[in-house]
Amino acid sequence: MNTKRLSGLMQLAVAAGLILPLPGLLAQQGKKSDIYHKGWIDFNKNGKKDIYEDPLAPVDKRVEDLLSQMSLNEKSCQMATLYGYRRVLKDSQPTPEWQHEIWKDGIANIDENLNNVPNHTGKHTSFGYPHSTHAVSMNNVQRWFVEDTRLGIPVDFTNEAIHGLCSDGATPFPAPISIGSTWDKQLVHMAGDIVGREAKALGYTNVYAPILDPSRDPRWGRVVETYGESPYLIASLGTEMVKGIQQNGVASTLKHFAVYSVPKGGRDGEVRTDPHVAPKEMHEIFLYPFRKVIQQAHPMGVMSSYNDWDGEPITGSHYFLTTLLRGEFGFKGYVVSDSKAVEFLYEKHHVAHDFEDATREAVEAGLNVWTNFNQPKYYINNVRNLVKAGKLDIGIVNDRVRDVLRVKFELGLFDQPYVADPKAADQIVQNRQADSVALALNQEAIVLLKNQGDLLPIQPGQYKKILITGELASNGSYATSRYGPNNNKVTTVLEGIRTFIEKNKWNTQISYDEGAKVLSPSWPKSEILPTDLSQDEKASIEKAVQAAKSADVIIAVVGENGKTVGESLSRTSLGLPGKQLDLLKALKATGKPVILVLVTGQPLTINWAEAHIPAIMTAGFPGPQGGTAIAQAIFGQYNPGGRLSMTWPKAVGQVQFNFPFKNGSQLDQGGPHKKDGFGHTRVNGPLYPFGYGLSYTKFTYSDLKITPDEKHTKGTIHVTCKIANSGKVAGDEVVQLYVKDVYSSVTTYNSVLRGFERVHLAPGAAKTVSFDLVPDDLALTNRDMHRVVEPGDFEIRVGASSEDIRLKQTITVAP
């Protein structure tokens, strides 16, 4: 056998994930196999088991031993990210030239390596798919860092995962705003478990998820990437997502710390600054999810944001990154910067003189790892130059590196740096169980907004001819976005309906006409300068109208796509983009019943539709299985039970209009038509309140019990109530618990969400739902900026939405 053939076999054996390759096969490569021993790896290749190489040694001692052996060059390399293949890294696999790159001394993490993001390749690649090949390829990269760097420090492979792992063919979930609408903690935990399991199988060790930013301004483009507006709902779902991810030995990195999601005017893109947020509001709304998730789920990562707060840029703030995050919240992992967050210290915020000065500010503030779509050498050399010039204390550098190393040890990278069984990835990634969870998320995210005359669900044989219309019925591009899986088959709404009809052998004819596109040529200019219908638009709508005249019922699928909502895609208005409203009006004028299916990543001001269309459901931003879930809901195979995780305003002029809100801040403005939602000069009330959602069945609430039933100490308060399905079909009810502080030393919120449970009940069935209120659930931020529980009266409210309260009782908390 020739040498090349022998070397090729050796590489295949190593690529398969073997920890102990045969020494004979590696003889001509310096016997790299000699570093692998039973139970430990000789990372520094010195022929003995150092403390950091001993799996039985305490993590802190392993960290200190490794740190003591590191040079400044090696320490600084643990403070930067290398973006992966086709982002910054030019090679999919190690090459001899890597010994001349700055990462010859190691690197903190490699982000998005081999994940084949759709806007860079658009199709499967040989190293990204099948899944086992991907795992082998990641092992090859990891093996280079273990075997070909002096200390062999493994890489932390990071990746995005806010609605499924951002990798070829991974299990795709609906967008986070849809996940928020499920109000299902158990299901979100299962989704997190799938993300972590698939990441582990493919070689990723750290995922950027979940996003914990509260969406308080619906114009903001990244609303679609959040769980909603309520800090409690976000914290509850975020806790479950983190626990699900990390139970697989994969780190969860929270985004975006902090006060990131409320840029001035809802703007996005390069703005992301100047949030107008008062100190108490910052703690009660924007910091609350991060504090609760860190304390309850112990995530190993946090991403620092681009923006400032009150003139203090977050990524250069010792207060945010150290005093709050580590001191008050107890965070123990490492902090990465969002792209350009360090550079913005001098480019945008102008609090640093140049990139080197910005580097110093960020490191001193508490940043561990710089992350940007640029060569890591620029930042790494900044650190080295600052230390050598005496401008940055090496003790601070040591502290930042300690955090990174600690996470790597806790992840087990020094005990098992490779994917142990690459072939298993083919069975683990997007298996049948994962697909069933993804479908359930799409189903549970559907919110029924209106159902006049019980138009829904459509019954077998009820209609002979159904017209489907709207571009979004046949175009499923919304189902694939930047921060989730790619190259998955999408089932559109049209395909989902046709498949349902054929599978169930209904004698129903389905026809389709586009009617109107999501965007008109003049959009977004038309948001402030409306244009008349073009001849092509008139003709397309008229064609749909003619088809509607011969149909028995119309299903109009309208809303948004990936060009109208998302990162750097904030809105000026919240109306239906393009000429979709014209289509709805023309369809309504035919006299045929119209069912409206909304595909949207943010609240929309669909006032005309609410007034004139008899049945409306929103699917949020569904994943690839969205068409199947929507069809099942329309035809009654699935009963919608989702609830809105954001308030839907009637007009942009009401923004900000959200939940929770301060006492008196969202009162109606009186006038002669107050009951109709109009004051003397402005519109009153929400279009749909927070927590709102209908069902094909009815639920009754009774037997509210609170114990202890008299004066309460500052211990746990137990709340129970009975929920019964009084309708004729099975369904889900989201039972919501709200707390109102009746009197307090500072102005508080009208009420706050402090518990929820999604329950499934058959017709006639009942269930007792229990909640536990802990002291923090009753606490407020007082005048001295301390979080305390003040003695006094609290009203406990239980209901079906923030405005549909069915049961309530006042309790007294004793001093």
# chains A, B, ... in the order shown; residues from 1 in each chain; ligands from 1

$ closest_atom_pairs --of "region 150-223 of chain A" --to "region 637-659 of chain A" --cutoff "9 Å" --atoms "only C-alpha atoms" --output "JSON lines"
{"residue": "A:Ile177", "atom": "CA", "partner": "A:Ser645", "partner_atom": "CA", "distance": 7.6}
{"residue": "A:Ser178", "atom": "CA", "partner": "A:Ser645", "partner_atom": "CA", "distance": 8.6}
{"residue": "A:Gly180", "atom": "CA", "partner": "A:Ser645", "partner_atom": "CA", "distance": 5.9}
{"residue": "A:Ser181", "atom": "CA", "partner": "A:Arg643", "partner_atom": "CA", "distance": 5.2}
{"residue": "A:Thr182", "atom": "CA", "partner": "A:Gly642", "partner_atom": "CA", "distance": 5.0}
{"residue": "A:Trp183", "atom": "CA", "partner": "A:Arg643", "partner_atom": "CA", "distance": 7.0}
{"residue": "A:Ser215", "atom": "CA", "partner": "A:Met646", "partner_atom": "CA", "distance": 7.9}
{"residue": "A:Arg216", "atom": "CA", "partner": "A:Asn658", "partner_atom": "CA", "distance": 6.5}
{"residue": "A:Asp217", "atom": "CA", "partner": "A:Gln656", "partner_atom": "CA", "distance": 5.8}
{"residue": "A:Pro218", "atom": "CA", "partner": "A:Val655", "partner_atom": "CA", "distance": 7.8}
{"residue": "A:Arg219", "atom": "CA", "partner": "A:Val652", "partner_atom": "CA", "distance": 8.2}

$ write_last_selection --atoms "all heavy atoms" --output "tab-separated table (two decimals), in the first residue's frame"
chain	number	residue	atom	x	y	z
A	177	ILE	N	-41.50	34.83	17.46
A	177	ILE	CA	-42.76	35.49	17.80
A	177	ILE	C	-43.91	34.49	17.79
A	177	ILE	O	-44.86	34.60	18.57
A	177	ILE	CB	-43.04	36.68	16.85
A	177	ILE	CG1	-44.15	37.57	17.40
A	177	ILE	CG2	-43.36	36.19	15.45
A	177	ILE	CD1	-43.82	38.28	18.69
A	178	SER	N	-43.81	33.48	16.92
A	178	SER	CA	-44.81	32.41	16.91
A	178	SER	C	-44.63	31.48	18.10
A	178	SER	O	-45.61	31.03	18.70
A	178	SER	CB	-44.72	31.62	15.61
A	178	SER	OG	-45.08	32.40	14.50
A	180	GLY	N	-43.57	32.34	20.93
A	180	GLY	CA	-44.16	33.07	22.06
A	180	GLY	C	-45.66	32.91	22.12
A	180	GLY	O	-46.25	32.86	23.21
A	181	SER	N	-46.31	32.81	20.97
A	181	SER	CA	-47.77	32.70	20.93
A	181	SER	C	-48.28	31.33	21.37
A	181	SER	O	-49.47	31.16	21.56
A	181	SER	CB	-48.27	32.98	19.50
A	181	SER	OG	-48.01	34.32	19.14
A	182	THR	N	-47.38	30.36	21.53
A	182	THR	CA	-47.82	29.05	22.01
A	182	THR	C	-48.13	29.07	23.50
A	182	THR	O	-48.92	28.27	23.98
A	182	THR	CB	-46.76	27.97	21.76
A	182	THR	OG1	-45.62	28.20	22.59
A	182	THR	CG2	-46.34	27.94	20.29
A	183	TRP	N	-47.45	29.92	24.27
A	183	TRP	CA	-47.59	29.96	25.72
A	183	TRP	C	-47.44	28.54	26.31
A	183	TRP	O	-48.12	28.18	27.26
A	183	TRP	CB	-48.94	30.55	26.13
A	183	TRP	CG	-49.11	32.00	25.83
A	183	TRP	CD1	-49.09	32.61	24.61
A	183	TRP	CD2	-49.35	33.07	26.78
A	183	TRP	NE1	-49.30	33.95	24.72
A	183	TRP	CE2	-49.47	34.27	26.04
A	183	TRP	CE3	-49.50	33.10	28.16
A	183	TRP	CZ2	-49.71	35.49	26.65
A	183	TRP	CZ3	-49.75	34.33	28.77
A	183	TRP	CH2	-49.86	35.51	28.02
A	215	SER	N	-40.25	43.06	23.06
A	215	SER	CA	-40.63	43.91	21.93
A	215	SER	C	-41.70	44.89	22.37
A	215	SER	O	-42.88	44.54	22.46
A	215	SER	CB	-41.14	43.05	20.77
A	215	SER	OG	-40.09	42.35	20.16
A	216	ARG	N	-41.29	46.10	22.61
A	216	ARG	CA	-42.22	47.12	23.11
A	216	ARG	C	-42.71	48.06	22.00
A	216	ARG	O	-43.64	48.82	22.22
A	216	ARG	CB	-41.55	47.93	24.22
A	216	ARG	CG	-41.01	47.09	25.36
A	216	ARG	CD	-42.09	46.39	26.14
A	216	ARG	NE	-42.81	47.32	27.00
A	216	ARG	CZ	-43.85	46.97	27.76
A	216	ARG	NH1	-44.29	45.71	27.73
A	216	ARG	NH2	-44.45	47.85	28.53
A	217	ASP	N	-42.06	48.02	20.86
A	217	ASP	CA	-42.47	48.87	19.73
A	217	ASP	C	-42.68	47.96	18.53
A	217	ASP	O	-41.72	47.43	17.96
A	217	ASP	CB	-41.38	49.90	19.42
A	217	ASP	CG	-41.84	50.96	18.42
A	217	ASP	OD1	-42.67	50.63	17.55
A	217	ASP	OD2	-41.36	52.10	18.51
A	218	PRO	N	-43.93	47.75	18.11
A	218	PRO	CA	-44.20	46.77	17.05
A	218	PRO	C	-43.64	47.17	15.68
A	218	PRO	O	-43.62	46.34	14.77
A	218	PRO	CB	-45.74	46.70	17.01
A	218	PRO	CG	-46.20	47.98	17.62
A	218	PRO	CD	-45.17	48.34	18.65
A	219	ARG	N	-43.19	48.40	15.53
A	219	ARG	CA	-42.59	48.80	14.25
A	219	ARG	C	-41.19	48.21	14.08
A	219	ARG	O	-40.69	48.10	12.96
A	219	ARG	CB	-42.49	50.33	14.17
A	219	ARG	CG	-43.83	51.04	14.18
A	219	ARG	CD	-43.64	52.53	14.35
A	219	ARG	NE	-43.03	52.86	15.64
A	219	ARG	CZ	-42.74	54.10	16.03
A	219	ARG	NH1	-43.02	55.12	15.23
A	219	ARG	NH2	-42.20	54.32	17.21

$ residues_around --residues "region 416-427 of chain A" --least-positions-apart "3" --cutoff "10 Å" --atoms "only C-alpha atoms" --output "PyMOL selection string"
chain A and resi 15-19+39-41+55+129-143+145-146+153-156+197-205+408+411-413+430-432

$ atom_distance --atom1 "CA of Pro275 (chain A)" --atom2 "CA of Val262 (chain A)"
5.5 Å

$ select_by_dssp --residues "region 562-688 of chain A" --states "strand (DSSP E or B)" --output "list of chain:residue names"
A:Val594, A:Ile595, A:Leu596, A:Val597, A:Leu598, A:Val599, A:Ala615, A:Ile616, A:Met617, A:Thr618, A:Trp648, A:Lys662, A:Phe678, A:Val683, A:Tyr688

$ write_last_selection --atoms "N, CA, C and O atoms" --output "PDB file, in the first residue's frame"
ATOM      1  N   VAL A 594     -65.571  35.213   3.621  1.00  0.00           N
ATOM      2  CA  VAL A 594     -64.121  35.318   3.507  1.00  0.00           C
ATOM      3  C   VAL A 594     -63.466  34.913   4.820  1.00  0.00           C
ATOM      4  O   VAL A 594     -63.839  35.402   5.894  1.00  0.00           O
ATOM      5  N   ILE A 595     -62.502  34.018   4.719  1.00  0.00           N
ATOM      6  CA  ILE A 595     -61.677  33.626   5.859  1.00  0.00           C
ATOM      7  C   ILE A 595     -60.296  34.234   5.643  1.00  0.00           C
ATOM      8  O   ILE A 595     -59.670  34.014   4.592  1.00  0.00           O
ATOM      9  N   LEU A 596     -59.824  34.989   6.582  1.00  0.00           N
ATOM     10  CA  LEU A 596     -58.535  35.663   6.466  1.00  0.00           C
ATOM     11  C   LEU A 596     -57.489  34.923   7.294  1.00  0.00           C
ATOM     12  O   LEU A 596     -57.663  34.712   8.495  1.00  0.00           O
ATOM     13  N   VAL A 597     -56.416  34.511   6.630  1.00  0.00           N
ATOM     14  CA  VAL A 597     -55.270  33.903   7.295  1.00  0.00           C
ATOM     15  C   VAL A 597     -54.122  34.900   7.210  1.00  0.00           C
ATOM     16  O   VAL A 597     -53.686  35.258   6.112  1.00  0.00           O
ATOM     17  N   LEU A 598     -53.651  35.349   8.362  1.00  0.00           N
ATOM     18  CA  LEU A 598     -52.557  36.323   8.412  1.00  0.00           C
ATOM     19  C   LEU A 598     -51.229  35.613   8.615  1.00  0.00           C
ATOM     20  O   LEU A 598     -51.089  34.777   9.516  1.00  0.00           O
ATOM     21  N   VAL A 599     -50.263  35.933   7.783  1.00  0.00           N
ATOM     22  CA  VAL A 599     -48.873  35.536   7.993  1.00  0.00           C
ATOM     23  C   VAL A 599     -48.132  36.819   8.350  1.00  0.00           C
ATOM     24  O   VAL A 599     -47.994  37.706   7.513  1.00  0.00           O
ATOM     25  N   ALA A 615     -64.071  35.874   9.672  1.00  0.00           N
ATOM     26  CA  ALA A 615     -63.190  34.923  10.360  1.00  0.00           C
ATOM     27  C   ALA A 615     -61.740  35.295  10.084  1.00  0.00           C
ATOM     28  O   ALA A 615     -61.336  35.458   8.927  1.00  0.00           O
ATOM     29  N   ILE A 616     -60.949  35.428  11.168  1.00  0.00           N
ATOM     30  CA  ILE A 616     -59.544  35.824  11.038  1.00  0.00           C
ATOM     31  C   ILE A 616     -58.704  34.946  11.962  1.00  0.00           C
ATOM     32  O   ILE A 616     -59.022  34.788  13.142  1.00  0.00           O
ATOM     33  N   MET A 617     -57.634  34.386  11.420  1.00  0.00           N
ATOM     34  CA  MET A 617     -56.649  33.721  12.265  1.00  0.00           C
ATOM     35  C   MET A 617     -55.266  34.182  11.840  1.00  0.00           C
ATOM     36  O   MET A 617     -55.027  34.492  10.674  1.00  0.00           O
ATOM     37  N   THR A 618     -54.359  34.272  12.809  1.00  0.00           N
ATOM     38  CA  THR A 618     -52.978  34.600  12.480  1.00  0.00           C
ATOM     39  C   THR A 618     -52.089  33.405  12.780  1.00  0.00           C
ATOM     40  O   THR A 618     -52.203  32.774  13.837  1.00  0.00           O
ATOM     41  N   TRP A 648     -51.963  44.252  20.030  1.00  0.00           N
ATOM     42  CA  TRP A 648     -52.100  44.754  18.660  1.00  0.00           C
ATOM     43  C   TRP A 648     -52.781  46.119  18.718  1.00  0.00           C
ATOM     44  O   TRP A 648     -53.958  46.207  19.081  1.00  0.00           O
ATOM     45  N   LYS A 662     -48.084  51.279  32.791  1.00  0.00           N
ATOM     46  CA  LYS A 662     -48.236  51.979  34.061  1.00  0.00           C
ATOM     47  C   LYS A 662     -49.691  52.418  34.273  1.00  0.00           C
ATOM     48  O   LYS A 662     -50.415  52.719  33.316  1.00  0.00           O
ATOM     49  N   PHE A 678     -63.400  55.497  20.329  1.00  0.00           N
ATOM     50  CA  PHE A 678     -62.929  56.781  19.837  1.00  0.00           C
ATOM     51  C   PHE A 678     -63.157  57.866  20.890  1.00  0.00           C
ATOM     52  O   PHE A 678     -64.213  57.943  21.520  1.00  0.00           O
ATOM     53  N   VAL A 683     -57.900  57.647  18.692  1.00  0.00           N
ATOM     54  CA  VAL A 683     -58.422  56.288  18.811  1.00  0.00           C
ATOM     55  C   VAL A 683     -58.088  55.737  20.186  1.00  0.00           C
ATOM     56  O   VAL A 683     -56.996  55.953  20.699  1.00  0.00           O
ATOM     57  N   TYR A 688     -56.457  44.174  19.595  1.00  0.00           N
ATOM     58  CA  TYR A 688     -56.504  42.924  20.354  1.00  0.00           C
ATOM     59  C   TYR A 688     -55.546  43.071  21.527  1.00  0.00           C
ATOM     60  O   TYR A 688     -54.394  43.459  21.354  1.00  0.00           O
TER      61      TYR A 688
END

$ residues_around --residues "Pro214 (chain A)" --least-positions-apart "6" --cutoff "10 Å" --atoms "only C-alpha atoms" --output "number ranges by chain"
A: 223, 226-235, 259-262, 285-289, 646

$ residues_around --residues "Asp91 (chain A)" --least-positions-apart "6" --cutoff "12 Å" --atoms "only C-alpha atoms" --output "number ranges by chain"
A: 82-85, 97-98, 113-114, 127, 137, 140-141

$ atom_distance --atom1 "CA of Thr480 (chain A)" --atom2 "CA of Leu439 (chain A)"
15.1 Å

$ closest_residue --among "A:Leu455, A:Thr681, A:Gly476, A:Ser550" --to "Ile634 (chain A)" --atoms "only C-alpha atoms"
A:Leu455

$ residues_around --residues "region 59-71 of chain A" --least-positions-apart "2" --cutoff "12 Å" --atoms "only C-alpha atoms" --output "VMD selection string"
chain A and resid 43 to 44 46 49 to 57 73 to 78 105 to 106 149 to 153 384 394 to 395 397 to 415

$ select_by_dssp --residues "region 371-412 of chain A" --states "helix (DSSP H, G or I)" --output "short mmCIF file (atom, residue, chain, number, x, y, z; two decimals) with N, CA, C and O atoms, in the first residue's frame"
data_model
loop_
_atom_site.label_atom_id
_atom_site.label_comp_id
_atom_site.auth_asym_id
_atom_site.auth_seq_id
_atom_site.Cartn_x
_atom_site.Cartn_y
_atom_site.Cartn_z
N LYS A 377 -7.46 38.90 13.90
CA LYS A 377 -6.13 39.43 14.21
C LYS A 377 -6.17 40.90 14.61
O LYS A 377 -5.34 41.35 15.41
N TYR A 378 -7.12 41.65 14.07
CA TYR A 378 -7.16 43.08 14.38
C TYR A 378 -7.45 43.31 15.86
O TYR A 378 -6.80 44.13 16.51
N TYR A 379 -8.40 42.58 16.39
CA TYR A 379 -8.73 42.73 17.81
C TYR A 379 -7.65 42.10 18.69
O TYR A 379 -7.23 42.68 19.70
N ILE A 380 -7.19 40.92 18.31
CA ILE A 380 -6.17 40.21 19.10
C ILE A 380 -4.90 41.05 19.21
O ILE A 380 -4.30 41.17 20.29
N ASN A 381 -4.49 41.65 18.11
CA ASN A 381 -3.30 42.50 18.14
C ASN A 381 -3.51 43.74 18.99
O ASN A 381 -2.59 44.24 19.62
N ASN A 382 -4.76 44.24 19.02
CA ASN A 382 -5.06 45.36 19.92
C ASN A 382 -4.79 44.98 21.37
O ASN A 382 -4.18 45.73 22.12
N VAL A 383 -5.27 43.80 21.76
CA VAL A 383 -5.07 43.33 23.14
C VAL A 383 -3.58 43.21 23.45
O VAL A 383 -3.10 43.68 24.49
N ARG A 384 -2.85 42.60 22.55
CA ARG A 384 -1.41 42.42 22.76
C ARG A 384 -0.69 43.76 22.88
O ARG A 384 0.14 43.96 23.78
N ASN A 385 -1.01 44.68 21.99
CA ASN A 385 -0.34 45.99 22.01
C ASN A 385 -0.69 46.77 23.27
O ASN A 385 0.17 47.45 23.85
N LEU A 386 -1.95 46.68 23.71
CA LEU A 386 -2.37 47.40 24.91
C LEU A 386 -1.63 46.88 26.15
O LEU A 386 -1.21 47.67 27.00
N VAL A 387 -1.50 45.56 26.25
CA VAL A 387 -0.81 44.98 27.40
C VAL A 387 0.68 45.37 27.37
O VAL A 387 1.25 45.79 28.39
N LYS A 388 1.29 45.27 26.23
CA LYS A 388 2.71 45.59 26.11
C LYS A 388 3.00 47.07 26.39
O LYS A 388 4.05 47.42 26.92
N ILE A 394 -2.64 43.02 32.64
CA ILE A 394 -2.66 41.60 32.30
C ILE A 394 -3.58 40.83 33.25
O ILE A 394 -4.15 39.79 32.88
N GLY A 395 -3.77 41.35 34.47
CA GLY A 395 -4.69 40.70 35.40
C GLY A 395 -6.12 40.72 34.89
O GLY A 395 -6.88 39.76 35.08
N ILE A 396 -6.51 41.81 34.22
CA ILE A 396 -7.85 41.89 33.63
C ILE A 396 -7.96 40.91 32.47
O ILE A 396 -8.98 40.21 32.32
N VAL A 397 -6.93 40.84 31.66
CA VAL A 397 -6.91 39.86 30.57
C VAL A 397 -7.06 38.45 31.12
O VAL A 397 -7.84 37.63 30.60
N ASN A 398 -6.34 38.13 32.17
CA ASN A 398 -6.44 36.80 32.79
C ASN A 398 -7.87 36.51 33.23
O ASN A 398 -8.38 35.39 33.06
N ASP A 399 -8.53 37.51 33.82
CA ASP A 399 -9.91 37.32 34.27
C ASP A 399 -10.83 37.00 33.09
O ASP A 399 -11.72 36.14 33.19
N ARG A 400 -10.65 37.72 31.99
CA ARG A 400 -11.52 37.49 30.83
C ARG A 400 -11.27 36.09 30.24
O ARG A 400 -12.21 35.40 29.83
N VAL A 401 -10.02 35.69 30.18
CA VAL A 401 -9.69 34.38 29.63
C VAL A 401 -10.17 33.26 30.55
O VAL A 401 -10.61 32.20 30.08
N ARG A 402 -10.10 33.48 31.86
CA ARG A 402 -10.59 32.47 32.82
C ARG A 402 -12.03 32.08 32.51
O ARG A 402 -12.39 30.89 32.54
N ASP A 403 -12.85 33.07 32.25
CA ASP A 403 -14.27 32.79 31.98
C ASP A 403 -14.44 31.92 30.75
O ASP A 403 -15.25 30.99 30.72
N VAL A 404 -13.67 32.22 29.70
CA VAL A 404 -13.76 31.44 28.47
C VAL A 404 -13.31 30.01 28.71
O VAL A 404 -13.98 29.04 28.30
N LEU A 405 -12.18 29.85 29.38
CA LEU A 405 -11.66 28.50 29.66
C LEU A 405 -12.61 27.72 30.55
O LEU A 405 -12.82 26.52 30.35
N ARG A 406 -13.19 28.40 31.54
CA ARG A 406 -14.11 27.70 32.45
C ARG A 406 -15.28 27.10 31.68
O ARG A 406 -15.67 25.95 31.90
N VAL A 407 -15.85 27.87 30.76
CA VAL A 407 -16.96 27.35 29.95
C VAL A 407 -16.51 26.16 29.13
O VAL A 407 -17.22 25.15 29.03
N LYS A 408 -15.34 26.22 28.55
CA LYS A 408 -14.85 25.10 27.74
C LYS A 408 -14.66 23.85 28.59
O LYS A 408 -14.97 22.73 28.14
N PHE A 409 -14.16 24.02 29.81
CA PHE A 409 -14.03 22.86 30.70
C PHE A 409 -15.41 22.33 31.09
O PHE A 409 -15.63 21.12 31.10
N GLU A 410 -16.33 23.23 31.40
CA GLU A 410 -17.66 22.79 31.83
C GLU A 410 -18.42 22.10 30.69
O GLU A 410 -19.26 21.23 30.94
#

$ residues_around --residues "Gln625 (chain A)" --least-positions-apart "6" --cutoff "9 Å" --atoms "only C-alpha atoms" --output "list of chain:residue names"
A:Pro172, A:Phe173, A:Pro174, A:Asp435, A:Ala438, A:Leu439, A:Asn442, A:Ala479, A:Lys489, A:Val490, A:Thr491, A:Thr492, A:Gly496

$ atom_distance --atom1 "CA of Asp274 (chain A)" --atom2 "CA of Asp308 (chain A)"
6.1 Å

$ residues_around --residues "region 575-578 of chain A" --least-positions-apart "6" --cutoff "12 Å" --atoms "only C-alpha atoms" --output "ChimeraX atom specification"
/A:218-219,470-471,515-534,537,557-561,563-565,584,598-609,648-652

$ write_last_selection --atoms "C-alpha atoms" --output "short mmCIF file (atom, residue, chain, number, x, y, z; two decimals), in the first residue's frame"
data_model
loop_
_atom_site.label_atom_id
_atom_site.label_comp_id
_atom_site.auth_asym_id
_atom_site.auth_seq_id
_atom_site.Cartn_x
_atom_site.Cartn_y
_atom_site.Cartn_z
CA PRO A 218 -44.20 46.77 17.05
CA ARG A 219 -42.59 48.80 14.25
CA GLY A 470 -52.97 35.91 -1.89
CA GLU A 471 -49.30 35.59 -2.81
CA GLY A 515 -54.92 38.35 -6.38
CA ALA A 516 -52.26 40.62 -4.90
CA LYS A 517 -48.58 40.43 -4.12
CA VAL A 518 -47.21 41.27 -0.69
CA LEU A 519 -45.32 44.26 -2.06
CA SER A 520 -46.23 46.82 -4.69
CA PRO A 521 -43.50 48.48 -6.78
CA SER A 522 -43.81 51.72 -4.81
CA TRP A 523 -43.42 50.12 -1.38
CA PRO A 524 -42.27 51.34 1.19
CA LYS A 525 -42.77 54.85 -0.23
CA SER A 526 -46.47 54.00 -0.49
CA GLU A 527 -46.69 53.77 3.31
CA ILE A 528 -46.79 57.57 3.40
CA LEU A 529 -47.69 58.32 -0.24
CA PRO A 530 -50.43 55.86 -1.25
CA THR A 531 -50.62 55.08 -4.95
CA ASP A 532 -53.48 54.03 -7.16
CA LEU A 533 -53.69 50.46 -8.36
CA SER A 534 -51.60 49.85 -11.44
CA GLU A 537 -52.64 45.10 -9.98
CA VAL A 557 -53.74 34.49 2.86
CA VAL A 558 -52.15 37.92 3.31
CA GLY A 559 -49.58 39.63 5.52
CA GLU A 560 -45.81 39.93 5.45
CA ASN A 561 -42.76 38.19 4.07
CA LYS A 563 -38.72 41.58 2.91
CA THR A 564 -41.04 43.49 5.23
CA VAL A 565 -40.11 42.28 8.71
CA LEU A 584 -59.66 41.98 0.74
CA LEU A 598 -52.56 36.32 8.41
CA VAL A 599 -48.87 35.54 7.99
CA THR A 600 -47.09 38.17 10.03
CA GLY A 601 -44.02 38.65 12.17
CA GLN A 602 -45.44 41.62 14.10
CA PRO A 603 -48.79 43.12 15.10
CA LEU A 604 -50.68 44.64 12.17
CA THR A 605 -53.34 47.35 12.21
CA ILE A 606 -55.99 45.30 10.40
CA ASN A 607 -58.91 47.52 11.48
CA TRP A 608 -60.89 47.17 8.25
CA ALA A 609 -60.54 43.40 8.30
CA TRP A 648 -52.10 44.75 18.66
CA PRO A 649 -52.71 48.52 18.39
CA LYS A 650 -55.29 50.04 16.11
CA ALA A 651 -52.90 52.63 14.73
CA VAL A 652 -49.22 53.55 14.76
#

$ closest_residue --among "A:Lys705, A:Arg498, A:Lys464, A:Lys714" --to "Val789 (chain A)" --atoms "only C-alpha atoms"
A:Lys714

$ closest_atom_pairs --of "region 267-355 of chain A" --to "region 740-755 of chain A" --cutoff "12 Å" --atoms "only C-alpha atoms" --output "CSV"
residue,atom,partner,partner_atom,distance
A:Lys280,CA,A:Thr748,CA,9.8
A:Glu281,CA,A:Thr748,CA,9.9
A:Glu284,CA,A:Tyr749,CA,9.7
A:Ile285,CA,A:Val752,CA,10.5
